[in-house]
Amino acid sequence: MKILGIETSCDETSAAVVEDGTRILSNVIASQTDLHERFGGVVPEVASRRHVELILPTIQEALTEADTTFTGIECIGVINRPGSSARS
């Protein structure tokens, strides 16, 4: 089973593909550190807009690195608020 995990709870947009719960096939992180550095910390509105720009390319890169496509993914795990996750 291949699982796509997506995390965007603060200032990093990340996606990973894991196989059978133990083998990491990809782990892609798009950092916003440089973007927020000039503000002296994370600005939520700026972070959320950047997530929108980064999420699809980050997911695609994770799928490519894992040598799979959406049709090869059987489960998706996402963060839906700080400290929590949901699966579908």
# chains A, B, ... in the order shown; residues from 1 in each chain; ligands from 1
>>> residues_around(residues="segment 35-44 of chain A", least_positions_apart="4", cutoff="10 Å", atoms="only C-alpha atoms", output="PyMOL selection string")
chain A and resi 9-11+31+48-50
>>> select_by_dssp(residues="chain A", states="alpha helix (DSSP H)", output="list in words")
Thr33, Asp34, Leu35, His36, Glu37, Pro44, Glu45, Val46, Ala47, Ser48, Arg49, Arg50, His51, Val52, Glu53, Leu54, Ile55, Leu56, Pro57, Thr58, Ile59, Gln60, Glu61, Ala62, Leu63, Thr64 and Glu65 of chain A
>>> closest_residue(among="A:Thr69, A:Ser26, A:Asn80, A:Thr13", to="Ile55 of chain A", atoms="only C-alpha atoms")
A:Thr13
>>> residues_around(residues="Asp67 of chain A", least_positions_apart="5", cutoff="10 Å", atoms="only C-alpha atoms", output="ChimeraX atom specification")
/A:17,25-26,61-62,72
>>> select_by_dssp(residues="segment 7-80 of chain A", states="strand (DSSP E or B)", output="PyMOL selection string")
chain A and resi 7+12-19+23-31+75-80
>>> write_last_selection(atoms="C-alpha atoms", output="PDB file, in the first residue's frame")
ATOM      1  CA  GLU A   7       1.679  18.602   5.714  1.00  0.00           C
ATOM      2  CA  GLU A  12       6.636  24.435   5.251  1.00  0.00           C
ATOM      3  CA  THR A  13       4.776  22.636   2.514  1.00  0.00           C
ATOM      4  CA  SER A  14       5.661  18.963   2.420  1.00  0.00           C
ATOM      5  CA  ALA A  15       4.569  15.737   0.783  1.00  0.00           C
ATOM      6  CA  ALA A  16       5.857  12.205   1.149  1.00  0.00           C
ATOM      7  CA  VAL A  17       5.037   8.778  -0.201  1.00  0.00           C
ATOM      8  CA  VAL A  18       5.396   5.799   2.122  1.00  0.00           C
ATOM      9  CA  GLU A  19       4.982   2.166   1.114  1.00  0.00           C
ATOM     10  CA  ARG A  23       9.512   2.342   3.396  1.00  0.00           C
ATOM     11  CA  ILE A  24       9.884   6.056   2.582  1.00  0.00           C
ATOM     12  CA  LEU A  25       9.791   6.445  -1.204  1.00  0.00           C
ATOM     13  CA  SER A  26       9.943  10.245  -1.192  1.00  0.00           C
ATOM     14  CA  ASN A  27       9.969  13.181   1.214  1.00  0.00           C
ATOM     15  CA  VAL A  28       9.767  16.645  -0.334  1.00  0.00           C
ATOM     16  CA  ILE A  29       9.854  19.815   1.766  1.00  0.00           C
ATOM     17  CA  ALA A  30       9.360  23.309   0.371  1.00  0.00           C
ATOM     18  CA  SER A  31      10.587  25.667   3.080  1.00  0.00           C
ATOM     19  CA  CYS A  75      -4.511   6.361   0.961  1.00  0.00           C
ATOM     20  CA  ILE A  76      -3.911  10.050   1.659  1.00  0.00           C
ATOM     21  CA  GLY A  77      -3.016  11.420   5.078  1.00  0.00           C
ATOM     22  CA  VAL A  78      -3.274  15.170   5.643  1.00  0.00           C
ATOM     23  CA  ILE A  79      -2.812  17.612   8.476  1.00  0.00           C
ATOM     24  CA  ASN A  80      -6.021  19.552   9.046  1.00  0.00           C
TER      25      ASN A  80
END
>>> atom_distance(atom1="atom CA of Ile73 of chain A", atom2="atom CA of Gln32 of chain A")
27.0 Å
>>> closest_residue(among="A:Thr22, A:Gln60, A:Thr71, A:Thr33", to="Val46 of chain A", atoms="only C-alpha atoms")
A:Thr33
